[in-house]
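Chemist: Got upload.txt for you, compact mmCIF, C-alpha atoms:
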# COMPACT_ATOMS: atom_id res chain seq x y z
CA MET A 21 123.88 83.55 141.44
CA VAL A 22 124.70 85.99 144.20
CA ASN A 23 126.48 84.31 147.10
CA ALA A 24 123.57 84.71 149.49
CA ILE A 25 125.18 82.75 152.31
CA ALA A 26 128.30 84.88 152.32
CA GLN A 27 126.19 88.03 152.35
CA HIS A 28 124.27 86.90 155.39
CA GLU A 29 127.28 85.62 157.28
CA GLN A 30 128.91 89.02 156.79
CA GLY A 31 125.75 90.79 157.98
CA ALA A 32 125.73 92.86 154.79
CA ALA A 33 123.61 92.73 151.68
CA ALA A 34 125.55 93.24 148.48
CA PRO A 35 123.67 94.09 145.27
CA PRO A 36 122.62 91.00 143.32
CA GLU A 37 124.60 90.22 140.16
CA THR A 38 121.46 90.78 138.11
CA GLY A 39 121.64 94.49 138.77
CA ALA A 40 118.68 94.73 141.13
CA ALA A 41 118.77 97.46 143.73
CA ALA A 42 120.73 96.73 146.89
CA PRO A 43 118.64 95.61 149.86
CA ALA A 44 117.92 98.32 152.38
CA GLY A 45 119.34 96.53 155.41
CA PRO A 46 120.68 93.26 156.77
CA ALA A 47 118.88 90.16 155.60
CA PRO A 48 117.91 87.35 157.97
CA ALA A 49 120.76 85.19 159.17
CA LEU A 50 120.86 81.61 157.99
CA PRO A 51 121.88 78.52 159.94
CA PRO A 52 125.56 77.62 159.52
CA SER A 53 124.53 74.31 157.95
CA CYS A 54 122.36 75.81 155.23
CA GLY A 55 123.23 74.65 151.75
CA PRO A 56 122.57 75.08 148.04
CA ILE A 57 118.78 74.84 148.15
CA SER A 58 118.17 77.56 150.74
CA ALA A 59 120.92 79.67 149.18
CA GLN A 60 119.27 79.44 145.77
CA VAL A 61 115.85 80.33 147.16
CA LEU A 62 117.33 83.28 149.02
CA GLY A 63 119.16 84.43 145.90
CA THR A 64 115.92 84.24 143.92
CA LEU A 65 114.15 86.28 146.58
CA PHE A 66 116.78 88.96 146.03
CA GLY A 67 116.29 88.93 142.26
CA ASP A 68 118.59 86.33 140.75
CA GLY A 69 117.53 84.66 137.53
CA PRO A 70 116.11 81.12 137.27
CA PRO A 71 118.66 78.44 138.19
CA ALA A 72 119.84 75.64 135.95
CA GLY A 73 119.39 72.07 137.11
CA TRP A 74 117.12 73.01 140.00
CA CYS A 75 114.85 69.98 139.82
CA ALA A 76 117.84 67.64 139.73
CA LEU A 77 119.28 69.37 142.81
CA VAL A 78 115.99 68.96 144.71
CA GLU A 79 115.91 65.25 143.89
CA THR A 80 119.34 64.70 145.47
CA VAL A 81 117.89 65.32 148.96
CA GLY A 82 117.61 62.06 150.86
CA ASP A 83 114.78 62.83 153.28
CA PRO A 84 113.34 66.30 152.69
CA LEU A 85 111.32 66.13 155.92
CA THR A 86 114.47 66.11 158.06
CA ASP A 87 116.84 68.05 155.78
CA LEU A 88 117.51 71.54 157.14
CA ASP A 89 118.60 73.00 153.82
CA PHE A 90 115.44 71.75 152.08
CA GLN A 91 113.06 72.87 154.83
CA LEU A 92 114.67 76.28 155.24
CA GLY A 93 114.47 76.80 151.48
CA LEU A 94 110.80 75.86 151.44
CA TRP A 95 110.08 78.11 154.45
CA LEU A 96 111.84 81.02 152.73
CA SER A 97 109.80 80.43 149.56
CA TYR A 98 106.56 80.77 151.57
CA GLU A 99 107.67 83.78 153.61
CA PRO A 100 106.65 86.47 151.05
CA HIS A 101 103.03 85.40 151.58
CA TYR A 102 103.33 86.32 155.26
CA ALA A 103 105.79 89.20 155.64
CA ASP A 104 108.69 91.11 154.17
CA LEU A 105 112.12 89.63 154.67
CA PRO A 106 114.53 92.06 156.36
CA GLY A 107 116.74 93.78 153.84
CA LEU A 108 114.56 92.93 150.85
CA ASP A 109 113.41 95.97 148.87
CA ARG A 110 111.41 94.09 146.23
CA ASP A 111 108.16 92.16 146.38
CA PRO A 112 108.82 88.58 145.23
CA GLU A 113 105.48 87.09 146.32
CA TRP A 114 104.37 86.23 142.77
CA ASP A 115 107.80 86.18 141.14
CA PRO A 116 107.62 83.42 138.46
CA ALA A 117 111.19 82.33 139.24
CA LEU A 118 110.39 81.91 142.93
CA LEU A 119 107.16 80.05 142.19
CA SER A 120 109.03 77.73 139.85
CA LEU A 121 111.56 76.89 142.54
CA ARG A 122 108.82 76.37 145.10
CA ALA A 123 106.84 74.07 142.83
CA ALA A 124 109.78 71.68 142.57
CA LEU A 125 110.27 71.74 146.34
CA GLU A 126 106.57 71.14 146.96
CA GLU A 127 106.39 68.21 144.58
CA ARG A 128 109.23 66.50 146.46
CA PHE A 129 107.74 67.55 149.80
CA GLU A 130 104.32 66.08 149.07
CA ARG A 131 105.82 62.76 148.02
CA ALA A 132 107.75 62.61 151.27
CA LEU A 133 104.66 63.45 153.34
CA ARG A 134 102.62 60.74 151.65
CA ASP A 135 105.42 58.23 152.13
CA LEU A 136 105.62 59.14 155.82
CA VAL A 137 101.89 58.74 156.36
CA GLY A 138 101.62 55.54 154.35
CA GLU A 139 98.28 53.84 153.78
CA LEU A 140 95.41 55.93 155.09
CA PRO A 141 92.70 54.50 157.34
CA THR A 142 89.33 54.23 155.66
CA GLY A 143 85.79 54.89 156.80
CA ASP A 144 83.79 57.95 157.70
CA PRO A 145 86.37 60.80 157.81
CA VAL A 146 84.96 62.32 161.01
CA ALA A 147 85.07 58.96 162.77
CA VAL A 148 88.62 58.42 161.50
CA LEU A 149 89.67 61.83 162.83
CA ARG A 150 88.32 60.90 166.25
CA ARG A 151 90.21 57.60 166.21
CA LEU A 152 93.45 59.26 165.14
CA THR A 153 93.29 61.96 167.81
CA GLY A 154 91.37 60.27 170.61
CA SER A 155 94.00 58.38 172.60
CA GLY A 156 93.57 60.73 175.57
CA ARG A 157 97.21 60.13 176.50
CA PRO A 158 99.63 63.03 176.89
CA SER A 159 102.70 62.95 174.68
CA PRO A 160 106.09 62.13 176.23
CA LEU A 161 107.34 65.55 175.13
CA ALA A 162 104.52 67.40 176.91
CA LEU A 163 105.01 65.25 180.01
CA HIS A 164 108.70 66.06 180.02
CA LEU A 165 108.07 69.79 179.67
CA GLY A 166 105.51 69.65 182.44
CA ARG A 167 107.40 67.52 184.95
CA ASP A 168 111.11 67.27 184.25
CA ALA A 169 112.41 69.76 181.69
CA SER A 170 115.14 72.13 182.78
CA ARG A 171 114.70 75.85 182.36
CA GLU A 172 117.15 75.72 179.44
CA GLN A 173 115.16 72.99 177.69
CA PHE A 174 111.86 74.73 178.26
CA ILE A 175 113.10 78.01 176.84
CA ASP A 176 114.68 76.17 173.92
CA TYR A 177 111.27 74.64 173.17
CA LEU A 178 109.65 78.09 173.22
CA ALA A 179 112.30 79.50 170.90
CA GLN A 180 112.01 76.62 168.44
CA ARG A 181 108.23 76.87 168.28
CA ALA A 182 108.36 80.65 167.73
CA VAL A 183 108.49 80.17 163.96
CA TYR A 184 104.89 79.01 164.12
CA HIS A 185 103.37 80.65 167.18
CA LEU A 186 104.46 84.17 166.19
CA ARG A 187 102.30 83.60 163.09
CA GLU A 188 99.72 81.46 164.84
CA SER A 189 96.68 80.53 162.71
CA ASP A 190 97.86 82.57 159.73
CA PRO A 191 98.36 79.54 157.45
CA GLN A 192 94.82 78.32 158.10
CA SER A 193 93.38 81.71 157.16
CA PHE A 194 94.47 81.16 153.56
CA THR A 195 91.90 78.34 153.44
CA LEU A 196 88.89 80.56 154.23
CA PRO A 197 88.14 81.54 150.61
CA ARG A 198 88.76 77.94 149.52
CA VAL A 199 85.85 76.43 151.46
CA THR A 200 82.17 77.31 151.38
CA GLY A 201 78.95 77.17 153.36
CA ALA A 202 78.90 75.77 156.88
CA ALA A 203 82.61 74.85 156.80
CA LYS A 204 83.54 78.45 155.99
CA THR A 205 81.36 79.80 158.80
CA ALA A 206 82.84 77.39 161.35
CA LEU A 207 86.40 78.12 160.23
CA ALA A 208 85.75 81.86 160.54
CA GLU A 209 84.38 81.27 164.04
CA LEU A 210 87.49 79.34 165.08
CA GLN A 211 89.85 81.88 163.55
CA TYR A 212 87.99 84.72 165.28
CA ASP A 213 88.93 83.12 168.60
CA GLU A 214 92.52 82.54 167.50
CA TYR A 215 92.77 86.21 166.56
CA GLY A 216 91.64 87.48 169.94
CA ALA A 217 87.84 87.55 169.55
CA GLY A 218 87.91 91.24 168.62
CA ARG A 219 90.66 92.19 171.10
CA PRO A 220 94.06 92.74 169.45
CA GLU A 221 95.87 92.30 172.76
CA ARG A 222 94.42 88.76 172.94
CA LEU A 223 95.75 87.62 169.58
CA HIS A 224 97.34 84.26 170.27
CA SER A 225 100.44 85.32 168.37
CA ARG A 226 100.58 88.42 170.59
CA LEU A 227 100.30 86.28 173.71
CA TYR A 228 103.21 84.17 172.50
CA ALA A 229 105.25 87.29 171.78
CA ASN A 230 104.48 88.47 175.31
CA ALA A 231 105.80 85.18 176.67
CA LEU A 232 109.02 85.54 174.69
CA THR A 233 109.61 89.16 175.65
CA ALA A 234 108.98 88.31 179.32
CA LEU A 235 111.99 86.00 178.96
CA ASP A 236 114.04 88.71 177.21
CA LEU A 237 113.77 86.82 173.91
CA PRO A 238 113.06 88.55 170.59
CA ALA A 239 109.55 88.66 169.18
CA ASP A 240 110.53 88.76 165.48
CA VAL A 241 110.26 85.39 163.77
CA HIS A 242 113.33 86.09 161.62
CA ASP A 243 115.57 86.25 164.67
CA TYR A 244 114.97 82.54 165.25
CA LEU A 245 115.94 81.23 161.81
CA PRO A 246 119.57 80.34 162.60
CA GLY A 247 118.68 77.90 165.36
CA VAL A 248 115.51 76.17 164.18
CA GLU A 249 115.50 72.38 163.78
CA ALA A 250 114.66 71.06 160.32
CA THR A 251 111.58 69.21 161.53
CA VAL A 252 110.21 72.31 163.26
CA PHE A 253 110.32 74.04 159.89
CA THR A 254 108.60 70.94 158.50
CA THR A 255 105.64 71.36 160.86
CA VAL A 256 105.14 74.94 159.69
CA ASN A 257 105.76 74.20 156.01
CA THR A 258 103.15 71.44 156.09
CA MET A 259 100.52 73.97 157.15
CA SER A 260 101.54 76.48 154.48
CA PHE A 261 101.69 73.84 151.77
CA PHE A 262 98.19 72.56 152.46
CA ALA A 263 96.61 75.97 152.96
CA LEU A 264 98.10 77.62 149.88
CA HIS A 265 96.77 74.97 147.49
CA ARG A 266 93.04 74.93 146.84
CA SER A 267 93.28 71.31 145.74
CA LEU A 268 94.54 70.45 149.25
CA ARG A 269 91.90 72.38 151.20
CA GLY A 270 90.64 69.11 152.67
CA ALA A 271 94.13 68.29 153.93
CA ALA A 272 94.44 71.79 155.41
CA MET A 273 91.25 71.30 157.41
CA GLY A 274 92.15 67.76 158.47
CA HIS A 275 95.49 69.07 159.69
CA LEU A 276 93.73 71.82 161.62
CA ALA A 277 91.37 69.30 163.23
CA ALA A 278 94.24 67.06 164.37
CA PHE A 279 96.21 70.04 165.62
CA GLU A 280 93.33 71.37 167.70
CA ALA A 281 92.24 67.95 168.97
CA THR A 282 95.70 67.15 170.36
CA SER A 283 96.51 70.56 171.85
CA SER A 284 94.52 71.06 175.05
CA LEU A 285 96.15 68.43 177.28
CA PRO A 286 99.73 69.22 176.19
CA CYS A 287 99.08 72.91 176.82
CA ARG A 288 97.87 72.14 180.35
CA LEU A 289 101.05 70.17 181.05
CA ILE A 290 103.33 72.82 179.53
CA ALA A 291 101.63 75.55 181.58
CA THR A 292 102.31 73.41 184.67
CA GLY A 293 105.95 73.24 183.65
CA ALA A 294 106.15 77.01 183.32
CA HIS A 295 104.81 77.41 186.86
CA ARG A 296 107.15 74.68 188.15
CA LEU A 297 110.17 76.50 186.75
CA GLY A 298 109.07 79.90 188.07
CA LEU A 299 108.93 81.47 184.61
CA PRO A 300 107.18 84.82 184.14
CA PRO A 301 103.37 84.64 184.27
CA ALA A 302 103.08 85.50 180.58
CA VAL A 303 104.59 82.13 179.66
CA ALA A 304 102.00 80.02 181.46
CA ALA A 305 99.27 82.46 180.39
CA TYR A 306 99.83 81.63 176.73
CA PHE A 307 99.37 77.90 177.28
CA GLU A 308 96.51 78.33 179.74
CA GLU A 309 94.64 80.31 177.09
CA HIS A 310 94.72 77.20 174.91
CA VAL A 311 93.58 74.66 177.50
CA GLU A 312 89.92 75.64 177.35
CA ALA A 313 89.90 77.20 173.89
CA ASP A 314 91.35 74.17 172.12
CA SER A 315 89.01 71.75 173.85
CA VAL A 316 86.18 73.72 172.23
CA HIS A 317 88.04 74.15 168.95
CA GLU A 318 88.45 70.37 168.72
CA GLN A 319 84.71 69.93 168.31
CA VAL A 320 84.43 72.86 165.92
CA ALA A 321 87.29 71.65 163.75
CA ILE A 322 86.25 68.00 163.55
CA ASP A 323 82.46 68.27 163.39
CA ASP A 324 81.62 71.74 162.14
CA ILE A 325 84.52 72.25 159.71
CA CYS A 326 85.64 68.82 158.51
CA GLY A 327 82.21 67.22 158.88
CA ALA A 328 80.53 70.02 156.93
CA LEU A 329 83.28 70.03 154.32
CA VAL A 330 82.98 66.31 153.64
CA ARG A 331 79.19 66.45 153.53
CA ALA A 332 79.41 69.19 150.91
CA GLU A 333 82.31 67.61 149.01
CA PRO A 334 82.52 63.87 149.75
CA LEU A 335 85.51 63.41 147.47
CA LEU A 336 87.60 65.45 149.92
CA GLY A 337 87.28 62.78 152.62
CA PRO A 338 90.64 61.08 151.92
CA ASP A 339 92.38 64.46 151.86
CA VAL A 340 90.93 65.36 155.26
CA VAL A 341 92.30 62.11 156.69
CA PHE A 342 95.65 62.66 154.96
CA GLY A 343 95.99 66.13 156.48
CA ALA A 344 95.26 64.84 159.98
CA ALA A 345 97.66 61.91 159.62
CA ALA A 346 100.36 64.21 158.25
CA CYS A 347 99.93 66.59 161.21
CA LEU A 348 100.43 63.80 163.74
CA ALA A 349 103.32 62.17 161.87
CA VAL A 350 105.25 65.39 161.30
CA ASP A 351 104.73 66.52 164.89
CA GLU A 352 106.17 63.18 165.99
CA LEU A 353 109.28 63.86 163.89
CA ALA A 354 109.65 67.22 165.62
CA ALA A 355 109.23 65.60 169.05
CA GLN A 356 111.99 63.13 168.25
CA ALA A 357 114.24 66.02 167.24
CA PHE A 358 113.67 67.69 170.62
CA TRP A 359 114.60 64.49 172.45
CA ALA A 360 117.76 64.12 170.39
CA ARG A 361 118.56 67.80 170.89
CA TRP A 362 118.29 67.39 174.66
CA ASN A 363 120.21 64.08 174.70
CA ALA A 364 117.15 62.20 175.88
CA ASP A 365 115.55 59.06 174.52
CA PRO A 366 115.74 59.62 170.74
CA GLU A 367 112.64 57.59 170.03
CA PRO A 368 109.77 58.66 172.32
CA THR A 369 106.41 57.04 171.81
CA GLY A 370 103.03 58.70 171.58
CA GLU A 371 101.75 61.75 169.80
CA ALA A 372 103.91 64.84 169.61
CA ALA A 373 102.87 67.92 171.53
CA SER A 374 101.19 70.61 169.51
Could the structure of this file be written out as structure tokens, please?

Modeler:
Amino acid sequence: MVNAIAQHEQGAAAPPETGAAAPAGPAPALPPSCGPISAQVLGTLFGDGPPAGWCALVETVGDPLTDLDFQLGLWLSYEPHYADLPGLDRDPEWDPALLSLRAALEERFERALRDLVGELPTGDPVAVLRRLTGSGRPSPLALHLGRDASREQFIDYLAQRAVYHLRESDPQSFTLPRVTGAAKTALAELQYDEYGAGRPERLHSRLYANALTALDLPADVHDYLPGVEATVFTTVNTMSFFALHRSLRGAAMGHLAAFEATSSLPCRLIATGAHRLGLPPAVAAYFEEHVEADSVHEQVAIDDICGALVRAEPLLGPDVVFGAAACLAVDELAAQAFWARWNADPEPTGEAAS
């Protein structure tokens, strides 16, 4: 296998040992702590042959949800569905070797998600969604960002979350052809809002990019890879995993419902924090856009998408609940990572901020 890590640390892209053409430019930098899993995925993206002993290597990971090497590798395996990697002059999106690697990662990932969530609550899925998301209490992380966070912490939060918000709503769009009828119509309605309601300058991902550039931060998701926490990758990978599997379309929509239902209040608090710190108006503007929008999206996602989906396909009810529970549990892991990163209480209580 080509030594992908060495290539990236040197800022150069040597031709792969398999004889594939040399990449056209520098590939994305990897975190210093990346390891054999992300290196193997990256090598496969650049054209290396199938690895030996891959499944055994994946099984050696203790907790894949908090392992940076595992999560970076999984994120890299999904990236060809979203964009070209810098320096890559081939299209590996449907490369059988890459899909084989990803399948092993996903199998381990799903087991870890289900272990994290544990036993699912039972009952009407829509009612369960409302119970799971209806505390009405702001998360400790959102409260901290609104009231106490330093400028450095606030900007660190924005940079960490860039790996999702610069692609905001894109994972969920993969689910559109996987649902039908009223659920499809409602999902298209929600996504239309997320994508600017016909105005490209109002794309939510564009608004987030505006916030970053107002702070003199880059607006290319690949620039953030070296510093992203493992659990932040986990939040994004959970969305991609659910949305890219038709069999998990219920989980994808349950995740979306939980995400939207727990977003409005945190966004209000975070916007307050941006004003408190005197950050450029574009920063608060991004979060203020979500205060009203997500309060509406909550009803659309729970009632019009998940409700319609379960009425049409009752067997998807447990998956809808699983997706919502996974969203909340994984976001809590990410919140704990922020507290540890900022040397605060490592075990906050409450739901993580969206």

Chemist: Which of these, A:Pro246, A:Pro238, A:Leu133, A:Ala272, has the shortest distance to Leu196 in chain A once you count only C-alpha atoms?

Modeler: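 Looking at the shortest contact to Leu196 in chain A, the residue is A:Ala272.
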
Chemist: Taking all atoms of range 63-73 of chain A that the file lists, what box with edges along x, y and z, padded by 8 Å per side, do you get, with centre and edge lengths in Å to one decimal, as lines of an AutoDock Vina configuration file?

Modeler:
center_x = 117.0
center_y = 80.5
center_z = 141.3
size_x = 21.7
size_y = 32.9
size_z = 26.6

Chemist: Could you tell me how far CA of Phe261 in chain A sits from CA of Val330 in chain A, in Å to one decimal place?

Modeler: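 Result for CA of Val330 in chain A versus CA of Phe261 in chain A: 20.3 Å, one decimal.
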
Chemist: Could you tell me how far CA of Cys347 in chain A sits from CA of Ser189 in chain A, in Å to one decimal place?

Modeler: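 Pair CA of Ser189 in chain A / CA of Cys347 in chain A returns 14.4 Å.
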
Chemist: Show me, as a VMD selection string, the residues that have an atom within 10 Å of Arg226 in chain A when counting only C-alpha atoms, minus same-chain residues fewer than 2 positions from it.

Modeler: chain A and resid 185 to 188 215 to 216 220 to 224 228 to 232 239 306

Chemist: Using all atoms listed in the file - which residues lie no farther than 8 Å from the point (114.3, 80.6, 144.1) in the file's frame? Write them as a PyMOL selection string.

Modeler: chain A and resi 60-65+68+70-71+97+117-122

Chemist: Using CA of Leu88 in chain A and CA of Phe342 in chain A as the two end points, give the distance in Å to one decimal.

Modeler: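 Going from CA of Leu88 in chain A over to CA of Phe342 in chain A, I get 23.7 Å.
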
Chemist: Rank A:Glu126, A:Asp83, A:Glu249, A:Glu139 by their smallest atom-to-atom distance to Gln180 in chain A, using all atoms listed in the file, and report the top residue only.

Modeler: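 Ranking A:Glu126, A:Asp83, A:Glu249, A:Glu139 by distance to Gln180 in chain A, first place goes to A:Glu249.
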
Chemist: From the options A:Ile57, A:Ala76, A:Leu335, A:Ala357, which residue's atoms come nearest to Thr251 in chain A, counting all atoms listed in the file?

Modeler: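 With all atoms listed in the file as the atom set, the closest residue is A:Ala357.
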
Chemist: Got a sec: who's within 10 Å of Val199 in chain A, counting all atoms listed in the file, leaving out chain neighbours fewer than 3 positions off, as a PyMOL selection string?

Modeler: chain A and resi 195-196+202-205+207+266+269-270+273+325+328-329+332-333

Chemist: From the set A:Leu96, A:Ala124, A:Ala132, A:Val303, which residue has the shortest atom-to-atom contact distance to Leu178 in chain A, counting all atoms listed in the file?

Modeler: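 Selected residue with least distance to Leu178 in chain A: A:Val303.
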
Chemist: Under the rule that only C-alpha atoms are counted, which of A:Gly166, A:Pro158, A:Gly274, A:Gly67 is the nearest residue to Gln192 in chain A?

Modeler: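 That would be A:Gly274, the residue with the smallest distance to Gln192 in chain A.
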
Chemist: Looking at A:Asp144, A:Asp240, A:Glu318, A:Asp109, which one is nearest to Val183 in chain A, with distances taken over only C-alpha atoms?

Modeler: A:Asp240

Chemist: Excluding range 145-153 of chain A and its own-chain neighbours fewer than 5 positions away, which residues fall within 12 Å of it when counting only C-alpha atoms? Please give them as a PyMOL selection string.

Modeler: chain A and resi 140+158-159+270-271+273-285+318-331+333-349+370-374
